[in-house]
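Report on the structure given below.
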Amino acid sequence: MEKSIISEGKTTNEAIEKGLKQLNVSKNKVEIKVLESEDKRSFFSILAPRVVKVELTLKEDREEKREVRVKKEIKLTEEEQELAKKNLEEFMESLVKQLPENTKYNIEKTKTGLDVNINNENLGYLIGYRGETLYAIQNIMSAVAGKGIENRVRVILDIEGYKAKREKTLEDLANKVAKTVIRTRKSVTLEPMQAYERKIIHSKLQENSKVETSSIGEEPHRRIVVSLKK
């Protein structure tokens, strides 16, 4: 999705820097077009304040497209699924011994990897702030499950149903922000989110005919901007 702004300054560089700050991106993320240069001043405008206008257009956001489209996953063979499950079961047996008493887990094989659920009401510390710890553990599990397997093993971890609750929260947030944008006719920039969470927002608002979404900034401070459709 393309987004452009017009920025002004006393010099071309000043106008560009102001525009980059407004978009919250680095210079290599935009296309720059000078609309009014400091060199193009007539005799009659020589006493007027110097104003340079530039147009900054965000380059095609490849990551954003990856976030909203369904990825083509590599399917694992039955043998690979079984080995991945065995690898992870060994890991989980050791992990559960370090967790609160009565912690239960379940591992299910999928065509692309494994679904893992861990249950115990005292595991909030394994989720962390907005799932940061959970996703870190999930990455470790993917590496463990993939031992001895050529293809990537995708492990999806959930703890006490956190992901379903978080998805509902994000979808409600998306709807609320969309209503605000439509009512005020002003764009809203959300706080930084992980790619998984940004994907939920993008996908939810694809259904809305009046607003559109884009992503700005660099990881781990990448944000979603919700704005009116042009």
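Simple scheme: letters A, B, ... for chains in structure tokens order, numbers from 1 for residues in each chain, numbers from 1 for ligands in the order shown.
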Could you pull the residues within 9 Å of segment 204-209 of chain A, counting only C-alpha atoms, minus those fewer than 6 positions along the same chain, as a PyMOL selection string? chain A and resi 68+170-171+174-175+178+226+229
Writing out the chosen residues with N, CA, C and O atoms as an mmCIF file, in the first residue's frame:
```
data_model
loop_
_atom_site.group_PDB
_atom_site.id
_atom_site.type_symbol
_atom_site.label_atom_id
_atom_site.label_comp_id
_atom_site.auth_asym_id
_atom_site.auth_seq_id
_atom_site.Cartn_x
_atom_site.Cartn_y
_atom_site.Cartn_z
ATOM 1 N N VAL A 68 0.113 -10.243 5.720
ATOM 2 C CA VAL A 68 -1.302 -10.424 5.440
ATOM 3 C C VAL A 68 -1.598 -11.596 4.515
ATOM 4 O O VAL A 68 -2.735 -12.019 4.393
ATOM 5 N N LEU A 170 -6.868 -8.115 20.347
ATOM 6 C CA LEU A 170 -6.349 -7.357 19.209
ATOM 7 C C LEU A 170 -7.435 -7.076 18.172
ATOM 8 O O LEU A 170 -7.465 -6.001 17.561
ATOM 9 N N GLU A 171 -8.321 -8.037 17.963
ATOM 10 C CA GLU A 171 -9.417 -7.817 17.011
ATOM 11 C C GLU A 171 -10.357 -6.728 17.520
ATOM 12 O O GLU A 171 -10.828 -5.887 16.742
ATOM 13 N N ALA A 174 -8.606 -3.455 16.951
ATOM 14 C CA ALA A 174 -8.656 -3.067 15.533
ATOM 15 C C ALA A 174 -9.988 -2.408 15.200
ATOM 16 O O ALA A 174 -10.032 -1.359 14.542
ATOM 17 N N ASN A 175 -11.071 -3.001 15.665
ATOM 18 C CA ASN A 175 -12.402 -2.442 15.402
ATOM 19 C C ASN A 175 -12.572 -1.072 16.061
ATOM 20 O O ASN A 175 -13.137 -0.145 15.470
ATOM 21 N N ALA A 178 -10.489 1.530 14.168
ATOM 22 C CA ALA A 178 -11.113 1.819 12.871
ATOM 23 C C ALA A 178 -12.260 2.816 13.037
ATOM 24 O O ALA A 178 -12.410 3.759 12.245
ATOM 25 N N VAL A 226 -3.262 2.988 11.044
ATOM 26 C CA VAL A 226 -4.607 2.794 10.498
ATOM 27 C C VAL A 226 -5.085 4.150 9.976
ATOM 28 O O VAL A 226 -5.072 5.146 10.712
ATOM 29 N N LYS A 229 -9.167 5.087 3.813
ATOM 30 C CA LYS A 229 -8.833 4.725 2.445
ATOM 31 C C LYS A 229 -8.982 5.956 1.561
ATOM 32 O O LYS A 229 -9.899 6.751 1.730
#
```
(Q) Neighbouring residues of segment 25-34 of chain A were defined as those with any atom within 7 Å, considering only C-alpha atoms; residues of the same chain fewer than 3 positions away were excluded. Please report them as a ChimeraX atom specification. (A) /A:20-21,37,53-59,216-217
When you look at Ile107 of chain A with a cut-off of 12 Å (counting only C-alpha atoms), what residues show up, excluding the ones that are within fewer than 5 positions of it in the same chain? I need them as JSON, numbers by chain.
{"A": [81, 82, 84, 85, 86, 87, 88, 89, 90, 91, 92, 93, 113, 114, 115, 116, 117, 118, 119, 141, 145, 155, 156, 157, 158]}
Would you mind listing what lies within 10 Å of Tyr196 of chain A as a list in words, with only C-alpha atoms counted and same-chain residues fewer than 4 positions away left out?
Glu67, Tyr135, Glu167, Ile200 and Ile201 of chain A
Keeping N, CA, C and O atoms, export the residues of the selection given above as a PDB file, in the first residue's frame.
```
ATOM      1  N   GLU A  67       2.888 -10.270   6.005  1.00  0.00           N
ATOM      2  CA  GLU A  67       2.056 -10.375   7.195  1.00  0.00           C
ATOM      3  C   GLU A  67       0.620 -10.732   6.854  1.00  0.00           C
ATOM      4  O   GLU A  67      -0.054 -11.409   7.616  1.00  0.00           O
ATOM      5  N   TYR A 135       6.817 -16.523  23.133  1.00  0.00           N
ATOM      6  CA  TYR A 135       7.360 -16.622  21.774  1.00  0.00           C
ATOM      7  C   TYR A 135       8.836 -17.026  21.784  1.00  0.00           C
ATOM      8  O   TYR A 135       9.303 -17.714  20.872  1.00  0.00           O
ATOM      9  N   GLU A 167      -5.695 -12.761  20.726  1.00  0.00           N
ATOM     10  CA  GLU A 167      -6.246 -12.511  19.392  1.00  0.00           C
ATOM     11  C   GLU A 167      -7.569 -11.754  19.494  1.00  0.00           C
ATOM     12  O   GLU A 167      -7.810 -10.811  18.742  1.00  0.00           O
ATOM     13  N   ILE A 200      -2.610 -10.044  12.813  1.00  0.00           N
ATOM     14  CA  ILE A 200      -4.003 -10.113  13.253  1.00  0.00           C
ATOM     15  C   ILE A 200      -4.719  -8.800  12.945  1.00  0.00           C
ATOM     16  O   ILE A 200      -5.848  -8.786  12.445  1.00  0.00           O
ATOM     17  N   ILE A 201      -4.056  -7.665  13.234  1.00  0.00           N
ATOM     18  CA  ILE A 201      -4.656  -6.352  12.968  1.00  0.00           C
ATOM     19  C   ILE A 201      -4.874  -6.155  11.472  1.00  0.00           C
ATOM     20  O   ILE A 201      -5.954  -5.740  11.024  1.00  0.00           O
TER      21      ILE A 201
END
```
Glu218 of chain A proximity check over A:Gln194, A:Asn151, A:Ser142, A:Ser203, using only C-alpha atoms: winner is A:Gln194
ask   = Which of chain A counts as strand (DSSP E) under DSSP, as a PyMOL selection string please?
value = chain A and resi 4-9+30-36+52-58+104-109+113-119+154-159+188-189+211-216+223-228
Q) In Å, with one decimal, what is the gap from atom CA of Ala195 of chain A to atom CA of Glu80 of chain A? A)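 These two atoms are separated by 27.2 Å.
Ranking A:Thr77, A:Asn106, A:Lys210, A:Ile137 by their shortest atom-to-atom distance to Ser227 of chain A, with only C-alpha atoms included, puts A:Lys210 first.
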So, with only C-alpha atoms as the atoms that count, which of A:Lys97, A:Lys230, A:Ala143, A:Tyr162 lies closest to Arg185 of chain A?
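Smallest separation from Arg185 of chain A among the options: A:Lys230.
One finds atom CA of Leu228 of chain A at 7.4 Å from atom CA of Lys186 of chain A.
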Open item on the list: Show me, as a list in words, the residues that have an atom within 9 Å of Gly131 of chain A when counting only C-alpha atoms, minus same-chain residues fewer than 3 positions from it.
Closed with: Leu126, Ile127, Gly128, Leu134, Tyr135, Ala136, Tyr162, Lys163 and Arg166 of chain A
